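target.pdb follows; it contains PDB, C-alpha atoms and all ligand atoms.
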MODEL        1
ATOM      1  CA  MET A   1     130.494   5.030 117.902  1.00  0.00           C
ATOM      2  CA  LEU A   2     127.895   7.664 118.688  1.00  0.00           C
ATOM      3  CA  THR A   3     128.385  10.568 121.056  1.00  0.00           C
ATOM      4  CA  PRO A   4     126.400  10.251 124.342  1.00  0.00           C
ATOM      5  CA  ARG A   5     123.778  12.717 123.023  1.00  0.00           C
ATOM      6  CA  LEU A   6     123.201  10.780 119.794  1.00  0.00           C
ATOM      7  CA  GLN A   7     123.325   7.475 121.717  1.00  0.00           C
ATOM      8  CA  VAL A   8     120.480   8.573 124.006  1.00  0.00           C
ATOM      9  CA  ILE A   9     118.434   9.422 120.900  1.00  0.00           C
ATOM     10  CA  ALA A  10     119.342   6.103 119.248  1.00  0.00           C
ATOM     11  CA  ASP A  11     118.304   4.203 122.397  1.00  0.00           C
ATOM     12  CA  MET A  12     114.849   5.771 122.169  1.00  0.00           C
ATOM     13  CA  VAL A  13     114.280   4.610 118.586  1.00  0.00           C
ATOM     14  CA  GLU A  14     111.972   1.615 118.570  1.00  0.00           C
ATOM     15  CA  ASP A  15     113.301  -1.558 116.948  1.00  0.00           C
ATOM     16  CA  GLN A  16     112.578  -1.912 113.229  1.00  0.00           C
ATOM     17  CA  ALA A  17     111.287   1.653 113.017  1.00  0.00           C
ATOM     18  CA  ASN A  18     111.154   3.632 109.773  1.00  0.00           C
ATOM     19  CA  VAL A  19     113.122   6.744 110.618  1.00  0.00           C
ATOM     20  CA  ALA A  20     113.560  10.225 109.165  1.00  0.00           C
ATOM     21  CA  ASP A  21     116.393  12.296 110.618  1.00  0.00           C
ATOM     22  CA  ILE A  22     115.678  15.973 109.908  1.00  0.00           C
ATOM     23  CA  GLY A  23     118.755  18.206 109.893  1.00  0.00           C
ATOM     24  CA  SER A  24     120.814  15.052 109.652  1.00  0.00           C
ATOM     25  CA  ASP A  25     124.089  16.880 108.832  1.00  0.00           C
ATOM     26  CA  HIS A  26     126.758  14.173 109.346  1.00  0.00           C
ATOM     27  CA  GLY A  27     124.209  11.332 109.215  1.00  0.00           C
ATOM     28  CA  TYR A  28     125.804   9.419 112.115  1.00  0.00           C
ATOM     29  CA  LEU A  29     122.472   8.521 113.729  1.00  0.00           C
ATOM     30  CA  CYS A  30     121.011   6.879 110.613  1.00  0.00           C
ATOM     31  CA  ILE A  31     124.333   5.197 109.834  1.00  0.00           C
ATOM     32  CA  ASP A  32     124.623   3.692 113.328  1.00  0.00           C
ATOM     33  CA  LEU A  33     121.005   2.525 113.470  1.00  0.00           C
ATOM     34  CA  MET A  34     121.181   1.004 109.989  1.00  0.00           C
ATOM     35  CA  LYS A  35     124.545  -0.695 110.593  1.00  0.00           C
ATOM     36  CA  LYS A  36     123.219  -2.316 113.764  1.00  0.00           C
ATOM     37  CA  GLY A  37     120.089  -3.529 111.969  1.00  0.00           C
ATOM     38  CA  ARG A  38     117.947  -1.563 114.417  1.00  0.00           C
ATOM     39  CA  ILE A  39     115.763   0.090 111.768  1.00  0.00           C
ATOM     40  CA  GLN A  40     114.089  -0.903 108.518  1.00  0.00           C
ATOM     41  CA  LYS A  41     114.258   2.406 106.724  1.00  0.00           C
ATOM     42  CA  ALA A  42     116.254   5.612 107.068  1.00  0.00           C
ATOM     43  CA  VAL A  43     115.757   8.979 105.444  1.00  0.00           C
ATOM     44  CA  ALA A  44     118.521  11.491 106.162  1.00  0.00           C
ATOM     45  CA  SER A  45     117.393  14.977 105.238  1.00  0.00           C
ATOM     46  CA  ASP A  46     118.908  18.429 105.489  1.00  0.00           C
ATOM     47  CA  LEU A  47     118.095  21.955 104.393  1.00  0.00           C
ATOM     48  CA  ASN A  48     121.562  22.886 103.222  1.00  0.00           C
ATOM     49  CA  ALA A  49     123.715  21.746 100.316  1.00  0.00           C
ATOM     50  CA  GLY A  50     126.929  21.434 102.393  1.00  0.00           C
ATOM     51  CA  PRO A  51     125.492  18.914 104.883  1.00  0.00           C
ATOM     52  CA  VAL A  52     123.772  17.015 102.050  1.00  0.00           C
ATOM     53  CA  GLU A  53     127.146  16.640 100.320  1.00  0.00           C
ATOM     54  CA  ASN A  54     128.643  15.452 103.644  1.00  0.00           C
ATOM     55  CA  LEU A  55     125.795  12.978 104.002  1.00  0.00           C
ATOM     56  CA  LYS A  56     126.431  11.545 100.547  1.00  0.00           C
ATOM     57  CA  LYS A  57     130.147  11.109 101.259  1.00  0.00           C
ATOM     58  CA  THR A  58     129.840   9.701 104.787  1.00  0.00           C
ATOM     59  CA  ILE A  59     127.028   7.319 103.893  1.00  0.00           C
ATOM     60  CA  ALA A  60     129.011   6.080 100.882  1.00  0.00           C
ATOM     61  CA  VAL A  61     132.115   5.499 103.048  1.00  0.00           C
ATOM     62  CA  HIS A  62     129.978   3.256 105.266  1.00  0.00           C
ATOM     63  CA  GLY A  63     128.651   1.365 102.233  1.00  0.00           C
ATOM     64  CA  LEU A  64     125.071   2.413 102.955  1.00  0.00           C
ATOM     65  CA  THR A  65     124.205   4.401  99.826  1.00  0.00           C
ATOM     66  CA  SER A  66     121.469   1.943  98.861  1.00  0.00           C
ATOM     67  CA  SER A  67     120.073   1.734 102.426  1.00  0.00           C
ATOM     68  CA  ILE A  68     119.811   5.384 103.488  1.00  0.00           C
ATOM     69  CA  ASP A  69     117.678   7.726 101.440  1.00  0.00           C
ATOM     70  CA  ILE A  70     119.261  11.202 101.288  1.00  0.00           C
ATOM     71  CA  ARG A  71     116.991  14.184 100.733  1.00  0.00           C
ATOM     72  CA  MET A  72     117.302  17.950 100.705  1.00  0.00           C
ATOM     73  CA  GLY A  73     114.597  20.333 101.886  1.00  0.00           C
ATOM     74  CA  ASN A  74     113.145  22.454 104.640  1.00  0.00           C
ATOM     75  CA  GLY A  75     112.084  20.646 107.809  1.00  0.00           C
ATOM     76  CA  LEU A  76     109.488  17.949 107.194  1.00  0.00           C
ATOM     77  CA  ASP A  77     108.791  19.022 103.579  1.00  0.00           C
ATOM     78  CA  PRO A  78     110.764  16.150 102.032  1.00  0.00           C
ATOM     79  CA  ILE A  79     108.817  13.536 104.050  1.00  0.00           C
ATOM     80  CA  GLN A  80     105.566  12.100 102.684  1.00  0.00           C
ATOM     81  CA  GLU A  81     102.695  11.055 104.953  1.00  0.00           C
ATOM     82  CA  GLY A  82     102.874   7.417 106.020  1.00  0.00           C
ATOM     83  CA  GLU A  83     106.469   7.020 104.840  1.00  0.00           C
ATOM     84  CA  VAL A  84     108.080   6.889 108.266  1.00  0.00           C
ATOM     85  CA  ASP A  85     106.839   6.221 111.783  1.00  0.00           C
ATOM     86  CA  THR A  86     109.663   7.999 113.627  1.00  0.00           C
ATOM     87  CA  VAL A  87     111.049  11.486 113.081  1.00  0.00           C
ATOM     88  CA  VAL A  88     114.206  12.732 114.797  1.00  0.00           C
ATOM     89  CA  ILE A  89     114.870  16.470 115.000  1.00  0.00           C
ATOM     90  CA  ALA A  90     118.028  17.066 117.019  1.00  0.00           C
ATOM     91  CA  GLY A  91     120.744  19.643 117.468  1.00  0.00           C
ATOM     92  CA  MET A  92     118.575  22.649 116.568  1.00  0.00           C
ATOM     93  CA  GLY A  93     116.984  25.410 118.627  1.00  0.00           C
ATOM     94  CA  GLY A  94     113.666  24.709 120.331  1.00  0.00           C
ATOM     95  CA  VAL A  95     111.912  27.503 118.444  1.00  0.00           C
ATOM     96  CA  LEU A  96     113.071  26.165 115.074  1.00  0.00           C
ATOM     97  CA  ILE A  97     111.949  22.655 116.057  1.00  0.00           C
ATOM     98  CA  SER A  98     108.474  24.028 116.920  1.00  0.00           C
ATOM     99  CA  GLU A  99     108.342  25.865 113.580  1.00  0.00           C
ATOM    100  CA  ILE A 100     109.345  22.730 111.691  1.00  0.00           C
ATOM    101  CA  LEU A 101     106.611  20.725 113.443  1.00  0.00           C
ATOM    102  CA  LEU A 102     103.979  23.415 112.914  1.00  0.00           C
ATOM    103  CA  ALA A 103     104.738  23.676 109.195  1.00  0.00           C
ATOM    104  CA  LYS A 104     103.602  20.095 108.542  1.00  0.00           C
ATOM    105  CA  ARG A 105     100.814  19.073 110.875  1.00  0.00           C
ATOM    106  CA  SER A 106      99.740  16.337 108.459  1.00  0.00           C
ATOM    107  CA  LEU A 107     102.718  14.278 109.662  1.00  0.00           C
ATOM    108  CA  TRP A 108     101.846  14.501 113.353  1.00  0.00           C
ATOM    109  CA  LYS A 109      99.345  11.674 113.613  1.00  0.00           C
ATOM    110  CA  GLY A 110     100.914   8.254 113.919  1.00  0.00           C
ATOM    111  CA  THR A 111     104.471   9.568 114.163  1.00  0.00           C
ATOM    112  CA  THR A 112     106.798   9.254 117.134  1.00  0.00           C
ATOM    113  CA  PHE A 113     108.976  12.351 117.422  1.00  0.00           C
ATOM    114  CA  LEU A 114     112.372  12.309 119.100  1.00  0.00           C
ATOM    115  CA  LEU A 115     113.329  15.899 119.797  1.00  0.00           C
ATOM    116  CA  GLN A 116     116.515  17.357 121.228  1.00  0.00           C
ATOM    117  CA  ALA A 117     116.645  21.136 121.474  1.00  0.00           C
ATOM    118  CA  MET A 118     119.900  23.035 121.992  1.00  0.00           C
ATOM    119  CA  THR A 119     117.986  26.082 123.316  1.00  0.00           C
ATOM    120  CA  HIS A 120     114.443  26.959 124.485  1.00  0.00           C
ATOM    121  CA  ARG A 121     113.684  23.462 125.739  1.00  0.00           C
ATOM    122  CA  ASP A 122     111.006  24.927 128.066  1.00  0.00           C
ATOM    123  CA  SER A 123     109.254  26.672 125.156  1.00  0.00           C
ATOM    124  CA  LEU A 124     109.402  23.478 123.119  1.00  0.00           C
ATOM    125  CA  ARG A 125     107.702  21.520 125.929  1.00  0.00           C
ATOM    126  CA  GLU A 126     105.081  24.246 126.238  1.00  0.00           C
ATOM    127  CA  PHE A 127     104.474  24.104 122.476  1.00  0.00           C
ATOM    128  CA  LEU A 128     104.127  20.307 122.544  1.00  0.00           C
ATOM    129  CA  HIS A 129     101.795  20.368 125.533  1.00  0.00           C
ATOM    130  CA  HIS A 130      99.684  23.134 124.010  1.00  0.00           C
ATOM    131  CA  HIS A 131      99.315  21.295 120.694  1.00  0.00           C
ATOM    132  CA  GLY A 132      98.229  17.967 122.163  1.00  0.00           C
ATOM    133  CA  PHE A 133     101.415  15.919 122.152  1.00  0.00           C
ATOM    134  CA  MET A 134     101.819  13.248 124.793  1.00  0.00           C
ATOM    135  CA  PHE A 135     105.198  12.802 126.477  1.00  0.00           C
ATOM    136  CA  ILE A 136     106.203   9.143 126.192  1.00  0.00           C
ATOM    137  CA  ASP A 137     109.709   9.340 127.582  1.00  0.00           C
ATOM    138  CA  GLU A 138     112.563  11.741 128.298  1.00  0.00           C
ATOM    139  CA  ALA A 139     116.258  11.258 129.006  1.00  0.00           C
ATOM    140  CA  VAL A 140     119.359  13.332 129.551  1.00  0.00           C
ATOM    141  CA  ALA A 141     122.772  12.934 127.961  1.00  0.00           C
ATOM    142  CA  ILE A 142     125.919  14.499 129.318  1.00  0.00           C
ATOM    143  CA  GLU A 143     128.903  15.488 127.177  1.00  0.00           C
ATOM    144  CA  GLY A 144     131.667  17.208 129.118  1.00  0.00           C
ATOM    145  CA  LYS A 145     129.857  19.865 131.134  1.00  0.00           C
ATOM    146  CA  LYS A 146     126.859  20.062 128.801  1.00  0.00           C
ATOM    147  CA  TYR A 147     123.498  18.410 129.324  1.00  0.00           C
ATOM    148  CA  TYR A 148     121.130  17.515 126.509  1.00  0.00           C
ATOM    149  CA  GLU A 149     117.510  16.585 127.056  1.00  0.00           C
ATOM    150  CA  VAL A 150     115.801  14.251 124.624  1.00  0.00           C
ATOM    151  CA  MET A 151     112.009  14.090 124.422  1.00  0.00           C
ATOM    152  CA  LYS A 152     109.983  11.272 122.918  1.00  0.00           C
ATOM    153  CA  VAL A 153     106.484  12.493 122.087  1.00  0.00           C
ATOM    154  CA  ARG A 154     103.407  11.462 120.123  1.00  0.00           C
ATOM    155  CA  TYR A 155     100.536  13.588 118.956  1.00  0.00           C
ATOM    156  CA  VAL A 156      97.140  12.665 120.386  1.00  0.00           C
ATOM    157  CA  ASP A 157      94.891  15.556 119.372  1.00  0.00           C
ATOM    158  CA  ASP A 158      94.494  19.278 119.932  1.00  0.00           C
ATOM    159  CA  THR A 159      92.031  18.765 122.775  1.00  0.00           C
ATOM    160  CA  HIS A 160      94.324  16.326 124.587  1.00  0.00           C
ATOM    161  CA  ARG A 161      96.374  17.759 127.427  1.00  0.00           C
ATOM    162  CA  ASP A 162      98.871  15.632 129.288  1.00  0.00           C
ATOM    163  CA  MET A 163      98.644  16.056 133.048  1.00  0.00           C
ATOM    164  CA  MET A 164     101.356  18.706 133.090  1.00  0.00           C
ATOM    165  CA  ASP A 165     101.753  22.003 134.824  1.00  0.00           C
ATOM    166  CA  THR A 166     103.993  24.882 133.816  1.00  0.00           C
ATOM    167  CA  ASP A 167     106.773  23.627 136.127  1.00  0.00           C
ATOM    168  CA  ASP A 168     107.030  20.576 133.902  1.00  0.00           C
ATOM    169  CA  TYR A 169     108.203  22.800 131.054  1.00  0.00           C
ATOM    170  CA  TYR A 170     111.581  23.258 132.731  1.00  0.00           C
ATOM    171  CA  LEU A 171     111.604  20.112 134.891  1.00  0.00           C
ATOM    172  CA  GLY A 172     110.539  17.618 132.226  1.00  0.00           C
ATOM    173  CA  PRO A 173     107.335  15.637 132.915  1.00  0.00           C
ATOM    174  CA  LYS A 174     108.974  12.226 132.392  1.00  0.00           C
ATOM    175  CA  LEU A 175     112.485  13.237 133.382  1.00  0.00           C
ATOM    176  CA  LYS A 176     111.448  14.204 136.893  1.00  0.00           C
ATOM    177  CA  LYS A 177     110.440  10.577 137.517  1.00  0.00           C
ATOM    178  CA  LYS A 178     113.838   9.163 136.540  1.00  0.00           C
ATOM    179  CA  THR A 179     116.349   8.110 139.165  1.00  0.00           C
ATOM    180  CA  ASP A 180     119.536   7.411 137.198  1.00  0.00           C
ATOM    181  CA  GLU A 181     122.841   9.155 137.936  1.00  0.00           C
ATOM    182  CA  VAL A 182     122.886  11.356 134.807  1.00  0.00           C
ATOM    183  CA  THR A 183     119.395  12.681 135.535  1.00  0.00           C
ATOM    184  CA  LYS A 184     120.437  13.355 139.129  1.00  0.00           C
ATOM    185  CA  LYS A 185     123.492  15.282 137.911  1.00  0.00           C
ATOM    186  CA  PHE A 186     121.264  17.219 135.520  1.00  0.00           C
ATOM    187  CA  TYR A 187     118.979  18.384 138.350  1.00  0.00           C
ATOM    188  CA  MET A 188     122.020  19.321 140.432  1.00  0.00           C
ATOM    189  CA  TYR A 189     123.192  21.403 137.483  1.00  0.00           C
ATOM    190  CA  LEU A 190     119.725  23.021 137.188  1.00  0.00           C
ATOM    191  CA  LEU A 191     119.726  23.793 140.921  1.00  0.00           C
ATOM    192  CA  HIS A 192     123.129  25.414 140.632  1.00  0.00           C
ATOM    193  CA  LYS A 193     122.028  27.421 137.589  1.00  0.00           C
ATOM    194  CA  TYR A 194     118.817  28.748 139.161  1.00  0.00           C
ATOM    195  CA  SER A 195     120.516  29.413 142.531  1.00  0.00           C
ATOM    196  CA  THR A 196     123.301  31.386 140.848  1.00  0.00           C
ATOM    197  CA  ILE A 197     120.838  33.562 138.933  1.00  0.00           C
ATOM    198  CA  LEU A 198     118.745  34.002 142.088  1.00  0.00           C
ATOM    199  CA  LYS A 199     121.812  35.161 144.021  1.00  0.00           C
ATOM    200  CA  ALA A 200     122.590  37.754 141.321  1.00  0.00           C
ATOM    201  CA  VAL A 201     118.973  38.944 141.261  1.00  0.00           C
ATOM    202  CA  ASN A 202     118.959  39.224 145.075  1.00  0.00           C
ATOM    203  CA  GLU A 203     122.174  41.202 145.026  1.00  0.00           C
ATOM    204  CA  SER A 204     120.810  43.597 142.421  1.00  0.00           C
ATOM    205  CA  GLY A 205     117.790  44.232 144.682  1.00  0.00           C
ATOM    206  CA  ARG A 206     115.554  44.501 141.608  1.00  0.00           C
ATOM    207  CA  ASN A 207     113.096  42.392 139.671  1.00  0.00           C
ATOM    208  CA  VAL A 208     110.786  40.986 142.340  1.00  0.00           C
ATOM    209  CA  GLU A 209     108.848  38.874 139.825  1.00  0.00           C
ATOM    210  CA  GLN A 210     111.957  37.148 138.540  1.00  0.00           C
ATOM    211  CA  ARG A 211     113.145  36.569 142.110  1.00  0.00           C
ATOM    212  CA  GLU A 212     109.863  34.900 143.055  1.00  0.00           C
ATOM    213  CA  LEU A 213     109.962  32.695 139.963  1.00  0.00           C
ATOM    214  CA  LEU A 214     113.554  31.668 140.656  1.00  0.00           C
ATOM    215  CA  GLU A 215     112.787  30.900 144.307  1.00  0.00           C
ATOM    216  CA  HIS A 216     109.922  28.727 143.114  1.00  0.00           C
ATOM    217  CA  GLN A 217     112.132  26.953 140.559  1.00  0.00           C
ATOM    218  CA  VAL A 218     114.860  26.343 143.135  1.00  0.00           C
ATOM    219  CA  SER A 219     112.340  24.808 145.542  1.00  0.00           C
ATOM    220  CA  LYS A 220     110.891  22.576 142.800  1.00  0.00           C
ATOM    221  CA  VAL A 221     114.304  21.254 141.772  1.00  0.00           C
ATOM    222  CA  GLU A 222     115.268  20.753 145.435  1.00  0.00           C
ATOM    223  CA  ALA A 223     112.091  18.708 145.942  1.00  0.00           C
ATOM    224  CA  ILE A 224     113.001  16.441 143.014  1.00  0.00           C
ATOM    225  CA  LEU A 225     116.560  16.010 144.265  1.00  0.00           C
ATOM    226  CA  ALA A 226     115.284  15.140 147.735  1.00  0.00           C
ATOM    227  CA  CYS A 227     113.576  12.069 146.224  1.00  0.00           C
ATOM    228  CA  LEU A 228     116.602  10.910 144.230  1.00  0.00           C
TER     229      LEU A 228
HETATM  230  C1  LIG B 301     123.857  21.306 114.442  1.00  0.00           C
HETATM  231  S1  LIG B 301     123.338  20.317 113.118  1.00  0.00           S
HETATM  232  C2  LIG B 301     122.639  18.936 113.959  1.00  0.00           C
HETATM  233  C3  LIG B 301     123.019  17.647 113.298  1.00  0.00           C
HETATM  234  C4  LIG B 301     122.395  16.411 113.907  1.00  0.00           C
HETATM  235  N1  LIG B 301     120.964  16.432 113.816  1.00  0.00           N
HETATM  236  C5  LIG B 301     122.820  16.257 115.342  1.00  0.00           C
HETATM  237  O1  LIG B 301     121.968  16.399 116.236  1.00  0.00           O
HETATM  238  O2  LIG B 301     124.004  16.022 115.608  1.00  0.00           O
HETATM  239  C6  LIG B 301     121.911  21.150 112.501  1.00  0.00           C
HETATM  240  C7  LIG B 301     121.580  20.726 111.068  1.00  0.00           C
HETATM  241  O3  LIG B 301     120.244  21.130 110.806  1.00  0.00           O
HETATM  242  C8  LIG B 301     120.178  21.624 109.498  1.00  0.00           C
HETATM  243  N2  LIG B 301     118.991  22.489 109.415  1.00  0.00           N
HETATM  244  C9  LIG B 301     118.826  23.732 109.917  1.00  0.00           C
HETATM  245  N3  LIG B 301     117.588  24.185 109.662  1.00  0.00           N
HETATM  246  C10 LIG B 301     116.941  23.179 109.012  1.00  0.00           C
HETATM  247  C11 LIG B 301     115.635  23.036 108.489  1.00  0.00           C
HETATM  248  N4  LIG B 301     114.732  24.010 108.584  1.00  0.00           N
HETATM  249  N5  LIG B 301     115.321  21.877 107.866  1.00  0.00           N
HETATM  250  C12 LIG B 301     116.226  20.887 107.752  1.00  0.00           C
HETATM  251  N6  LIG B 301     117.479  20.955 108.227  1.00  0.00           N
HETATM  252  C13 LIG B 301     117.837  22.100 108.844  1.00  0.00           C
HETATM  253  C14 LIG B 301     121.510  22.336 109.287  1.00  0.00           C
HETATM  254  O4  LIG B 301     121.828  22.453 107.910  1.00  0.00           O
HETATM  255  C15 LIG B 301     122.458  21.395 110.035  1.00  0.00           C
HETATM  256  O5  LIG B 301     123.006  20.438 109.179  1.00  0.00           O
ENDMDL
END
Using structure tokens, write down the structure from this file.
Ligand SMILES: C[S@@+](CC[C@H](N)C(=O)[O-])C[C@H]1O[C@@H](n2cnc3c(N)ncnc32)[C@H](O)[C@@H]1O
Amino acid sequence: MLTPRLQVIADMVEDQANVADIGSDHGYLCIDLMKKGRIQKAVASDLNAGPVENLKKTIAVHGLTSSIDIRMGNGLDPIQEGEVDTVVIAGMGGVLISEILLAKRSLWKGTTFLLQAMTHRDSLREFLHHHGFMFIDEAVAIEGKKYYEVMKVRYVDDTHRDMMDTDDYYLGPKLKKKTDEVTKKFYMYLLHKYSTILKAVNESGRNVEQRELLEHQVSKVEAILACL
């Protein structure tokens, strides 16, 4: 069984997709999707020898050695153009995810990317918006007290710009339209986070710019919550 974070990613994979999981590590996503017959092809790839050894063992235990292609390499390097239609990059920092994408632009066209950043999610959205990716869907997973945002994006072209403003980088352009309980809890968490920082900034009596930004962010999140 997948963790809630990996399940949200799995739910966003289109049926009978050809999937590459970059930074696959344990390989659970590919294993689950393949076992359920949800995908036609799976490539599980990782940069490091340790995870690749894990992948080999875990995939063998599940009897999937002939169904899941295991590769070793940096980012998208091990993936050839046209080989897969879906690329998952999850559990890494947002900056690293941007770097991985930027290093192989030839894979952008025609690929659906499912991205889940552990840090710098705002910067990742800004990067995607700036480079002409369209946001197809977003969802939040909750594990204990932690929230994980998953983005489903497709490249259109460098001149394309989704109708997004800079607030969408932290709010999530598709997420802000969702009404489910987990999304609602996520915005309550964001409100608490921004309000707490704002309180500390107010108490310090410094940093007017940061205070104004935080006040703006608090009001934006409050407006979303008011509609939920
Ligand atoms: C925290 S694990 C995430 C595993 C899995 N994707 C998940 O979300 O549960 C990060 C994995 O990414 C791999 N990794 C880090 N940098 C990478 C890169 N540039 N290219 C490919 N894999 C990388 C690490 O070796 C590690 O196995």
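Atom pair atom N5 of ligand LIG 301 (chain B) / CA of His131 (chain A) has a distance of 20.5 Å (rounded to one decimal).
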Inset, instruction - Counting only C-alpha atoms and all ligand atoms, name the residues that have an atom within 8 Å of an atom of ligand LIG 301 (chain B); the answer should be given as an NGL selection string. - result: :A and (5-6 or 21-29 or 45-52 or 72-76 or 88-92 or 96 or 100 or 116)
Can you tell me, as JSON, the centre and edge lengths (Å, one decimal) of the axis-aligned box enclosing all of region 194-210 of chain A's listed atoms after padding each side by 5 Å?
{"center_x": 116.1, "center_y": 36.6, "center_z": 141.8, "size_x": 24.5, "size_y": 25.8, "size_z": 16.5}
Legend entry - Counting only C-alpha atoms, the residue of A:Val153, A:Val19, A:Cys227, A:Met12 that sits nearest Lys176 (chain A):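 Between A:Val153, A:Val19, A:Cys227, A:Met12, the residue approaching Lys176 (chain A) most closely is A:Cys227.
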Inset, instruction - Could you jot down the CA of Gly63 (chain A) to CA of Thr111 (chain A) separation for me, Å, one decimal place? - result: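 Atom-to-atom, CA of Gly63 (chain A) and CA of Thr111 (chain A) are spaced 28.2 Å apart.
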Since I can't run it myself right now, could you work out what the PyMOL selection byres (((chain A and resi 197) around 12) and not hetatm) selects here and report it as a short mmCIF file (atom, residue, chain, number, x, y, z; two decimals) with C-alpha atoms, keeping the file's coordinate frame?
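Dumped to part-v6.cif:
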data_model
loop_
_atom_site.label_atom_id
_atom_site.label_comp_id
_atom_site.auth_asym_id
_atom_site.auth_seq_id
_atom_site.Cartn_x
_atom_site.Cartn_y
_atom_site.Cartn_z
CA LEU A 190 119.72 23.02 137.19
CA LEU A 191 119.73 23.79 140.92
CA HIS A 192 123.13 25.41 140.63
CA LYS A 193 122.03 27.42 137.59
CA TYR A 194 118.82 28.75 139.16
CA SER A 195 120.52 29.41 142.53
CA THR A 196 123.30 31.39 140.85
CA LEU A 198 118.74 34.00 142.09
CA LYS A 199 121.81 35.16 144.02
CA ALA A 200 122.59 37.75 141.32
CA VAL A 201 118.97 38.94 141.26
CA ASN A 202 118.96 39.22 145.07
CA GLU A 203 122.17 41.20 145.03
CA SER A 204 120.81 43.60 142.42
CA ASN A 207 113.10 42.39 139.67
CA GLN A 210 111.96 37.15 138.54
CA ARG A 211 113.14 36.57 142.11
CA GLU A 212 109.86 34.90 143.06
CA LEU A 213 109.96 32.70 139.96
CA LEU A 214 113.55 31.67 140.66
CA GLU A 215 112.79 30.90 144.31
CA GLN A 217 112.13 26.95 140.56
CA VAL A 218 114.86 26.34 143.14
#
Inset, instruction - Could you jot down the CA of Gln16 (chain A) to CA of Lys35 (chain A) separation for me, Å, one decimal place? - result: 12.3 Å
Inset, instruction - Apply the PyMOL selection byres (((chain A and resi 184) around 12) and not hetatm) to the displayed file and report the matching residues as number ranges by chain. - result: A: 139-142, 147, 171, 175-183, 185-191, 221-222, 224-228
Legend entry - Among the residues A:Leu107, A:Leu55, A:Val156, A:Leu33, the one that comes closest to Val84 (chain A) [using all atoms listed in the file]: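 Looking at the shortest contact to Val84 (chain A), the residue is A:Leu107.
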Inset, instruction - Take the PyMOL selection byres (((chain A and resi 32) around 12) and not hetatm), apply it to the structure above, and return the hits as an NGL selection string. - result: :A and (1-3 or 6-7 or 9-11 or 13 or 26-31 or 33-39 or 42 or 58-59 or 62 or 64 or 67-68)
Legend entry - Residue with smallest distance to Lys57 (chain A) - pool A:Val8, A:Ala103, A:Ile70, A:Met118, counting all atoms listed in the file: A:Ile70
Legend entry - Contact residues around Phe133 (chain A) with all atoms listed in the file at 10 Å, ignoring same-chain residues under 5 positions, as a list in words: Trp108, Lys109, Thr112, Phe113, Arg125, Glu126, Phe127, Leu128, Lys152, Val153, Arg154, Tyr155, Val156, Asp157, Asp158, Thr159, His160, Arg161 and Asp162 of chain A
Pro173 (chain A): which residues within 9 Å, counting all atoms listed in the file, same-chain residues fewer than 5 positions away excluded, as a PDB file with C-alpha atoms, in the frame of the given file?
ATOM      1  CA  PHE A 135     105.198  12.802 126.477  1.00  0.00           C
ATOM      2  CA  ASP A 137     109.709   9.340 127.582  1.00  0.00           C
ATOM      3  CA  GLU A 138     112.563  11.741 128.298  1.00  0.00           C
ATOM      4  CA  MET A 163      98.644  16.056 133.048  1.00  0.00           C
ATOM      5  CA  MET A 164     101.356  18.706 133.090  1.00  0.00           C
ATOM      6  CA  ASP A 165     101.753  22.003 134.824  1.00  0.00           C
ATOM      7  CA  ASP A 167     106.773  23.627 136.127  1.00  0.00           C
ATOM      8  CA  ASP A 168     107.030  20.576 133.902  1.00  0.00           C
TER       9      ASP A 168
END
